[in-house]
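Asker: Please find one structure pasted underneath; my questions will follow.
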Amino acid sequence: MSIPGFKHGLWRPDEPRVAGICAEMARTHDFCVPHLNGRPFLEKPPLYFALGAVSGSIFGLKKDTSYRIVSVFFAVLTLFITFSMVYKRYGPIHGLIAAGILASSWEFFMLSRWVLVDISLVFGVTLAMYAYLRWTEDDKITDSIMLGLGLGLSFMAKGLVGPGIIGAAIITDIIRRKDMGIIWKIRPFTILLIMFIPVLPWIVGLYIRGGWPFVRDVLVVNNIMRFTGAAPAAVLGHQHGILYYINRFPRDLLPWTFIFIPALLASFRTFRKDPFVSWFIGPFILLSIASTKRGIYLVPLYPAVACMITRWLTEDTSYRPWERLMVNISWVIVFMGSLMPFAGIFLKRPFLGITMGILSLAGLFVLRNNAGAILSLETPFVIKNNASLKLANALPLVLTMCIALFASTTVYFSYMTPRNDYIPFAREVFERVKPQDVTILGQDEVMAGLFSMVSGTRLRDASGLRAIKKQGYYVWADKHNKVIKSLRPKTSKIDIILEKKIGSRHAILAHLIPLASKAGKAKGKP
């Protein structure tokens with residue numbers, strides 16, 4: 001499942017920035033303060049950037065795959081923990097189903113191959129909740145230590161939001177269990193001690209490097225103010241209303257949205273017995289209250305969603321008619337997904353499209369009609385007794401969904417990568433002009449990160465059109481020719497050297513001669 005899109009270059013809006021920060025950290029060996037094109041980048045803690053820097057140093061600083069390895073690493077660990085949670089309670093086949101559901105959930109699937117810090121947050125939250133759920137069953141100090149480690153890693157991944165999600169889930173579970181004594185039984189001081197082992201040294205280092213302004217930017221502006229929607233953080237974007245996730249979450253959870261509806265209702269009916277429902281409800285409410293919202297912010301809840309769906313799919317009660325309809329709709333989605341790879345025929349990739357289409361249809365036919373035989377195979381995942389009908393139906397549904405997604409996205413990334421990847425543009429720019437002669441126009445984090453990674457140097461940047469005072473080579477990403485229109489009254493000449501459409505924008509390299517430069521030359525003439 002990690003193969004499709006593993007080498008898809010760097011796409012807007014986040015990948016070039018994150019890759020550039022990782023590359024610069026690898027070059028400077030400054031693992032305390034992330035930098036973007038030479039300037040401190042204080043929006044997020046350095047966990048992902050530091051691992052990306054290590055990976056880039058090993059596999060190559062100018063390769064996008066060097067940083068994508070970190071995302072795949074965190075995704076695989078998250079899948080393994082999800083498998084383990086369900087395996088311990090219900091069995092190995094149930095664990096495989098839960099891991100398969102998570103792996104094929106669209107938002108998790110994409111996040112696991114994106115150069116983006118959020119996947120490290122997903123891992124930290126999952127590790128902490130795994131430890132908490134283990135503690136509720138065994139009450140071991142090792143689980144409290146693991147919970148503290150998960151809290152610390154989630155903070156180092158993305159700040160206070162990580163501990164906030166974990167805290168909301170645990171508080172909701174305490175309410176569900178009606179046992180306030182859990183707060184003291186769980187060894188809170190041990191948990192906090194382990195949590196602060198990575199957090200405190202970093203905050204102290206941050207303070208030493210930049211004083212209170214650095215600490216304030218990270219903890220106050222980019223955490224508390226973004227949560228409340230205060231003015232200094234509102235300019236960072238992603239401000240949405242309280243009902244945003246009600247509309248967004250069903251789309252992002254596809255192809256499992258329809259099955260999650262009865263699974264969620266079943267969890268509500270038996271909430272005293274479902275250990276995963278608190279993990280979903282508490283953080284969902286918390287993140288809905290937050291002012292800043294994006295679809296990927298809910299992905300730390302997806303392991304709980306996968307476990308809830310697994311529990312419903314494999315329990316020994318019969319489906320109601322409308323629940324059977326939800327399952328049938330999911331099978332229709334599988335069938336449609338199995339046909340989607342054939343679109344490669346019309347996208348000038350006939351061999352890949354036909355190959356992936358045959359693979360997905362063959363998987364659908366074999367698994368759909370041989371579920372019982374698969375479950376009875378003598379493998380490490382043996383079911384000692386007769387598998388229930390639901391288990392025999394659930395496993396092929398999940399496996400065929402994974403195969404269909406694998407085949408479809410293999411064709412999708414093959415077609416979309418040349419149209420969205422910024423790396424070829426950056427390399428062509430440096431083939432035409434020397435890196436040190438290029439200036440990034442505007443405070444464009446995409447271009448800053450992109451050229452920082454590809455060139456291995458820090459480029460000049462012009463914060464705005466007024467900052468263009470010297471003639472030279474400038475790069476920017478333009479949409480609807482807005483930059484060109486703004487430049488014309490302020491420049492005497494615009495010579496476009498390279499223009500390439502990437503996604504919805506035009507990436508442009510141009511030689512500009514500002515009016516001030518021309519006037520200066522004229523004034524200096526005898």
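Here's how to read the names in the structure tokens: chain A, B, ... by the order shown, residue numbers from 1 in each chain, ligand numbers from 1 in the order shown.
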Within 10 Å of Ala448 in chain A, counting only C-alpha atoms, which residues qualify if same-chain residues fewer than 2 places away don't, as a VMD selection string?
Answerer: chain A and resid 16 to 17 20 to 21 36 to 38 439 to 446 450 to 453 458 to 461 475 to 476
Asker: Keeping only N, CA, C and O atoms, write those residues as an mmCIF file, in the first residue's frame.
Answerer:
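The resulting file, again_12.cif, is shown below:
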```cif
data_model
loop_
_atom_site.group_PDB
_atom_site.id
_atom_site.type_symbol
_atom_site.label_atom_id
_atom_site.label_comp_id
_atom_site.auth_asym_id
_atom_site.auth_seq_id
_atom_site.Cartn_x
_atom_site.Cartn_y
_atom_site.Cartn_z
ATOM 1 N N PRO A 16 6.698 21.041 -0.647
ATOM 2 C CA PRO A 16 7.965 21.744 -0.878
ATOM 3 C C PRO A 16 8.492 22.433 0.367
ATOM 4 O O PRO A 16 9.701 22.433 0.630
ATOM 5 N N ARG A 17 7.589 23.036 1.149
ATOM 6 C CA ARG A 17 8.010 23.727 2.363
ATOM 7 C C ARG A 17 8.638 22.760 3.365
ATOM 8 O O ARG A 17 9.719 23.011 3.901
ATOM 9 N N GLY A 20 11.963 21.396 2.161
ATOM 10 C CA GLY A 20 13.008 22.419 2.264
ATOM 11 C C GLY A 20 13.502 22.595 3.687
ATOM 12 O O GLY A 20 14.713 22.757 3.920
ATOM 13 N N ILE A 21 12.598 22.549 4.661
ATOM 14 C CA ILE A 21 12.998 22.667 6.063
ATOM 15 C C ILE A 21 13.856 21.479 6.478
ATOM 16 O O ILE A 21 14.873 21.633 7.169
ATOM 17 N N LEU A 36 13.474 27.882 7.269
ATOM 18 C CA LEU A 36 13.005 27.850 5.880
ATOM 19 C C LEU A 36 13.712 28.947 5.114
ATOM 20 O O LEU A 36 13.468 30.132 5.351
ATOM 21 N N ASN A 37 14.613 28.546 4.238
ATOM 22 C CA ASN A 37 15.409 29.489 3.450
ATOM 23 C C ASN A 37 16.126 30.497 4.348
ATOM 24 O O ASN A 37 16.159 31.692 4.082
ATOM 25 N N GLY A 38 16.680 29.987 5.455
ATOM 26 C CA GLY A 38 17.482 30.809 6.341
ATOM 27 C C GLY A 38 16.728 31.516 7.441
ATOM 28 O O GLY A 38 17.344 32.107 8.332
ATOM 29 N N THR A 439 16.130 35.245 -7.314
ATOM 30 C CA THR A 439 15.417 35.819 -6.168
ATOM 31 C C THR A 439 13.979 35.305 -6.178
ATOM 32 O O THR A 439 13.326 35.303 -7.220
ATOM 33 N N ILE A 440 13.506 34.863 -5.028
ATOM 34 C CA ILE A 440 12.124 34.398 -4.889
ATOM 35 C C ILE A 440 11.234 35.612 -4.672
ATOM 36 O O ILE A 440 11.470 36.403 -3.747
ATOM 37 N N LEU A 441 10.241 35.774 -5.509
ATOM 38 C CA LEU A 441 9.359 36.936 -5.428
ATOM 39 C C LEU A 441 8.213 36.647 -4.467
ATOM 40 O O LEU A 441 7.475 35.667 -4.625
ATOM 41 N N GLY A 442 8.072 37.495 -3.467
ATOM 42 C CA GLY A 442 6.998 37.323 -2.504
ATOM 43 C C GLY A 442 7.372 36.330 -1.420
ATOM 44 O O GLY A 442 8.316 35.559 -1.552
ATOM 45 N N GLN A 443 6.630 36.336 -0.341
ATOM 46 C CA GLN A 443 6.880 35.402 0.755
ATOM 47 C C GLN A 443 6.190 34.078 0.446
ATOM 48 O O GLN A 443 5.209 33.690 1.083
ATOM 49 N N ASP A 444 6.720 33.400 -0.548
ATOM 50 C CA ASP A 444 6.143 32.155 -1.045
ATOM 51 C C ASP A 444 6.886 30.983 -0.408
ATOM 52 O O ASP A 444 8.011 30.656 -0.790
ATOM 53 N N GLU A 445 6.257 30.333 0.584
ATOM 54 C CA GLU A 445 6.917 29.240 1.286
ATOM 55 C C GLU A 445 7.135 28.029 0.388
ATOM 56 O O GLU A 445 8.072 27.257 0.592
ATOM 57 N N VAL A 446 6.263 27.851 -0.606
ATOM 58 C CA VAL A 446 6.435 26.734 -1.538
ATOM 59 C C VAL A 446 7.734 26.891 -2.313
ATOM 60 O O VAL A 446 8.556 25.974 -2.391
ATOM 61 N N LEU A 450 11.150 24.707 -1.900
ATOM 62 C CA LEU A 450 11.534 23.982 -3.106
ATOM 63 C C LEU A 450 12.979 24.275 -3.499
ATOM 64 O O LEU A 450 13.798 23.361 -3.674
ATOM 65 N N PHE A 451 13.316 25.557 -3.636
ATOM 66 C CA PHE A 451 14.648 25.914 -4.103
ATOM 67 C C PHE A 451 15.700 25.695 -3.022
ATOM 68 O O PHE A 451 16.862 25.447 -3.333
ATOM 69 N N SER A 452 15.309 25.766 -1.775
ATOM 70 C CA SER A 452 16.245 25.443 -0.701
ATOM 71 C C SER A 452 16.660 23.984 -0.771
ATOM 72 O O SER A 452 17.832 23.648 -0.574
ATOM 73 N N MET A 453 15.708 23.102 -1.079
ATOM 74 C CA MET A 453 16.021 21.681 -1.170
ATOM 75 C C MET A 453 16.829 21.361 -2.427
ATOM 76 O O MET A 453 17.837 20.666 -2.379
ATOM 77 N N ARG A 458 20.753 29.003 0.252
ATOM 78 C CA ARG A 458 19.705 29.949 0.596
ATOM 79 C C ARG A 458 19.600 31.003 -0.499
ATOM 80 O O ARG A 458 20.604 31.598 -0.886
ATOM 81 N N LEU A 459 18.402 31.231 -0.974
ATOM 82 C CA LEU A 459 18.182 32.202 -2.035
ATOM 83 C C LEU A 459 17.685 33.526 -1.455
ATOM 84 O O LEU A 459 17.080 33.560 -0.384
ATOM 85 N N ARG A 460 17.958 34.595 -2.175
ATOM 86 C CA ARG A 460 17.388 35.875 -1.798
ATOM 87 C C ARG A 460 15.884 35.836 -2.013
ATOM 88 O O ARG A 460 15.376 35.084 -2.846
ATOM 89 N N ASP A 461 15.162 36.664 -1.259
ATOM 90 C CA ASP A 461 13.733 36.784 -1.517
ATOM 91 C C ASP A 461 13.318 38.244 -1.425
ATOM 92 O O ASP A 461 13.887 39.028 -0.668
ATOM 93 N N VAL A 475 11.746 34.291 -9.493
ATOM 94 C CA VAL A 475 10.840 33.151 -9.679
ATOM 95 C C VAL A 475 9.615 33.356 -8.796
ATOM 96 O O VAL A 475 9.707 33.917 -7.706
ATOM 97 N N TRP A 476 8.476 32.877 -9.264
ATOM 98 C CA TRP A 476 7.243 32.932 -8.479
ATOM 99 C C TRP A 476 6.230 31.967 -9.088
ATOM 100 O O TRP A 476 6.403 31.472 -10.210
#
```
Asker: As an mmCIF file with all heavy atoms, in the first residue's frame, please: every residue in range 30-108 of chain A that a backbone DSSP assignment puts in strand (DSSP E or B).
Answerer:
```
data_model
loop_
_atom_site.group_PDB
_atom_site.id
_atom_site.type_symbol
_atom_site.label_atom_id
_atom_site.label_comp_id
_atom_site.auth_asym_id
_atom_site.auth_seq_id
_atom_site.Cartn_x
_atom_site.Cartn_y
_atom_site.Cartn_z
ATOM 1 N N HIS A 35 14.389 25.910 10.079
ATOM 2 C CA HIS A 35 14.570 27.107 9.247
ATOM 3 C C HIS A 35 14.026 26.842 7.851
ATOM 4 O O HIS A 35 14.141 25.731 7.320
ATOM 5 C CB HIS A 35 16.043 27.499 9.151
ATOM 6 C CG HIS A 35 16.590 28.130 10.394
ATOM 7 N ND1 HIS A 35 16.945 27.392 11.499
ATOM 8 C CD2 HIS A 35 16.824 29.430 10.715
ATOM 9 C CE1 HIS A 35 17.395 28.205 12.446
ATOM 10 N NE2 HIS A 35 17.330 29.445 11.993
ATOM 11 N N LEU A 36 13.474 27.882 7.269
ATOM 12 C CA LEU A 36 13.005 27.850 5.880
ATOM 13 C C LEU A 36 13.712 28.947 5.114
ATOM 14 O O LEU A 36 13.468 30.132 5.351
ATOM 15 C CB LEU A 36 11.482 28.039 5.832
ATOM 16 C CG LEU A 36 10.849 28.075 4.436
ATOM 17 C CD1 LEU A 36 11.102 26.763 3.701
ATOM 18 C CD2 LEU A 36 9.356 28.349 4.533
ATOM 19 N N ARG A 39 15.403 31.466 7.428
ATOM 20 C CA ARG A 39 14.609 32.142 8.445
ATOM 21 C C ARG A 39 13.977 31.124 9.381
ATOM 22 O O ARG A 39 13.517 30.075 8.934
ATOM 23 C CB ARG A 39 13.523 32.993 7.790
ATOM 24 C CG ARG A 39 14.076 34.120 6.929
ATOM 25 C CD ARG A 39 12.958 34.917 6.300
ATOM 26 N NE ARG A 39 13.480 36.036 5.522
ATOM 27 C CZ ARG A 39 12.719 36.870 4.824
ATOM 28 N NH1 ARG A 39 11.411 36.705 4.800
ATOM 29 N NH2 ARG A 39 13.268 37.853 4.139
ATOM 30 N N PRO A 40 13.934 31.433 10.696
ATOM 31 C CA PRO A 40 13.314 30.494 11.644
ATOM 32 C C PRO A 40 11.865 30.193 11.258
ATOM 33 O O PRO A 40 11.088 31.101 10.946
ATOM 34 C CB PRO A 40 13.388 31.248 12.983
ATOM 35 C CG PRO A 40 14.535 32.196 12.817
ATOM 36 C CD PRO A 40 14.512 32.611 11.375
#
```
Asker: Which value, in Å to one decimal, gives the distance between CA of Tyr297 in chain A and CA of Phe413 in chain A?
Answerer: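 Interatomic distance here is 23.3 Å.
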Asker: Using only C-alpha atoms, pick whichever of A:Phe123, A:Phe425, A:Trp256, A:Tyr473 has the shortest atom-to-atom distance to Glu499 in chain A.
Answerer: A:Phe425
Asker: Give me the residues within 12 Å of Arg427 in chain A as a VMD selection string, counting only C-alpha atoms and dropping any in the same chain fewer than 3 places off.
Answerer: chain A and resid 62 to 63 421 to 424 430 to 435 450 to 456 498 509
Asker: Might you pull out every residue within 8 Å of Pro34 in chain A, with only C-alpha atoms counted and same-chain residues fewer than 4 positions away left off, and present them as a list in words?
Answerer: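 Listed by chain and then number, they are Ile21, Cys22, Met25, Asp30, Pro40, Phe41, Leu42, Pro45, Pro46 and Phe49 of chain A.
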Asker: Could the residues in this selection be written to a file with all heavy atoms, as a compact mmCIF listing (two decimals), in the first residue's frame?
Answerer:
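Output file result13.txt follows:
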```
# COMPACT_ATOMS: atom_id res chain seq x y z
N ILE A 21 12.60 22.55 4.66
CA ILE A 21 13.00 22.67 6.06
C ILE A 21 13.86 21.48 6.48
O ILE A 21 14.87 21.63 7.17
CB ILE A 21 11.75 22.79 6.96
CG1 ILE A 21 11.01 24.08 6.67
CG2 ILE A 21 12.15 22.72 8.44
CD1 ILE A 21 9.66 24.18 7.35
N CYS A 22 13.46 20.27 6.06
CA CYS A 22 14.24 19.06 6.38
C CYS A 22 15.65 19.16 5.78
O CYS A 22 16.64 18.85 6.45
CB CYS A 22 13.54 17.82 5.85
SG CYS A 22 11.97 17.42 6.67
N MET A 25 17.76 21.70 7.66
CA MET A 25 18.17 21.18 8.97
C MET A 25 19.31 20.19 8.82
O MET A 25 20.22 20.14 9.66
CB MET A 25 16.97 20.52 9.66
CG MET A 25 17.26 20.05 11.08
SD MET A 25 15.77 19.47 11.95
CE MET A 25 14.98 21.02 12.36
N ASP A 30 21.13 22.03 12.79
CA ASP A 30 20.41 22.72 13.84
C ASP A 30 19.08 21.99 14.04
O ASP A 30 18.10 22.25 13.35
CB ASP A 30 20.16 24.18 13.45
CG ASP A 30 19.47 24.97 14.55
OD1 ASP A 30 19.09 24.37 15.57
OD2 ASP A 30 19.33 26.20 14.40
N PRO A 40 13.93 31.43 10.70
CA PRO A 40 13.31 30.49 11.64
C PRO A 40 11.86 30.19 11.26
O PRO A 40 11.09 31.10 10.95
CB PRO A 40 13.39 31.25 12.98
CG PRO A 40 14.54 32.20 12.82
CD PRO A 40 14.51 32.61 11.37
N PHE A 41 11.53 28.91 11.27
CA PHE A 41 10.17 28.47 10.98
C PHE A 41 9.60 27.90 12.28
O PHE A 41 9.94 26.79 12.68
CB PHE A 41 10.16 27.41 9.88
CG PHE A 41 8.79 26.97 9.46
CD1 PHE A 41 8.06 27.69 8.54
CD2 PHE A 41 8.21 25.83 10.00
CE1 PHE A 41 6.79 27.30 8.15
CE2 PHE A 41 6.95 25.42 9.62
CZ PHE A 41 6.23 26.15 8.70
N LEU A 42 8.75 28.68 12.94
CA LEU A 42 8.34 28.36 14.31
C LEU A 42 6.89 27.92 14.41
O LEU A 42 6.27 28.00 15.47
CB LEU A 42 8.57 29.58 15.20
CG LEU A 42 10.01 30.10 15.24
CD1 LEU A 42 10.10 31.38 16.02
CD2 LEU A 42 10.94 29.03 15.82
N PRO A 45 6.97 22.08 16.11
CA PRO A 45 8.19 21.51 16.71
C PRO A 45 8.97 20.68 15.69
O PRO A 45 8.47 20.38 14.59
CB PRO A 45 7.64 20.63 17.84
CG PRO A 45 6.30 21.21 18.16
CD PRO A 45 5.76 21.70 16.84
N PRO A 46 10.19 20.26 16.03
CA PRO A 46 11.09 19.72 15.01
C PRO A 46 11.12 18.21 14.81
O PRO A 46 11.99 17.72 14.10
CB PRO A 46 12.46 20.19 15.53
CG PRO A 46 12.31 20.16 17.01
CD PRO A 46 10.89 20.53 17.29
N PHE A 49 10.85 17.16 11.10
CA PHE A 49 11.95 17.78 10.36
C PHE A 49 13.29 17.11 10.70
O PHE A 49 14.12 16.91 9.82
CB PHE A 49 12.04 19.27 10.68
CG PHE A 49 10.76 20.02 10.43
CD1 PHE A 49 10.24 20.86 11.40
CD2 PHE A 49 10.06 19.88 9.24
CE1 PHE A 49 9.06 21.57 11.18
CE2 PHE A 49 8.89 20.56 9.01
CZ PHE A 49 8.38 21.41 9.99
```
Asker: Tell me which of A:Leu286, A:Val429, A:Leu367, A:Val438 sits closest to Ala169 in chain A, counting only C-alpha atoms.
Answerer: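 Among A:Leu286, A:Val429, A:Leu367, A:Val438, it is A:Leu286 that comes nearest to Ala169 in chain A.
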Asker: Leaving out Thr142 in chain A and any residue of its chain fewer than 4 positions from it, which residues lie within 12 Å of it when counting only C-alpha atoms, given as a PyMOL selection string?
Answerer: chain A and resi 128+130-132+134-135+138+146-149+186-187+190-191+194
Asker: Write the residues of the selection above to a file with C-alpha atoms, as a short mmCIF file (atom, residue, chain, number, x, y, z; two decimals), in the first residue's frame.
Answerer:
```cif
data_model
loop_
_atom_site.label_atom_id
_atom_site.label_comp_id
_atom_site.auth_asym_id
_atom_site.auth_seq_id
_atom_site.Cartn_x
_atom_site.Cartn_y
_atom_site.Cartn_z
CA ALA A 128 -0.60 7.06 23.56
CA TYR A 130 -2.77 2.15 22.66
CA ALA A 131 -0.89 2.52 25.94
CA TYR A 132 -3.95 3.91 27.72
CA ARG A 134 -3.62 -1.47 27.57
CA TRP A 135 -3.42 0.19 30.98
CA ASP A 138 -3.49 -4.63 32.79
CA MET A 146 4.37 4.41 27.03
CA LEU A 147 1.47 6.84 27.43
CA GLY A 148 3.89 9.55 28.55
CA LEU A 149 6.12 8.79 25.56
CA ILE A 186 -2.91 5.95 35.85
CA ARG A 187 0.22 7.43 37.53
CA THR A 190 5.11 9.34 35.88
CA ILE A 191 3.31 10.17 32.65
CA ILE A 194 8.20 10.91 30.64
#
```
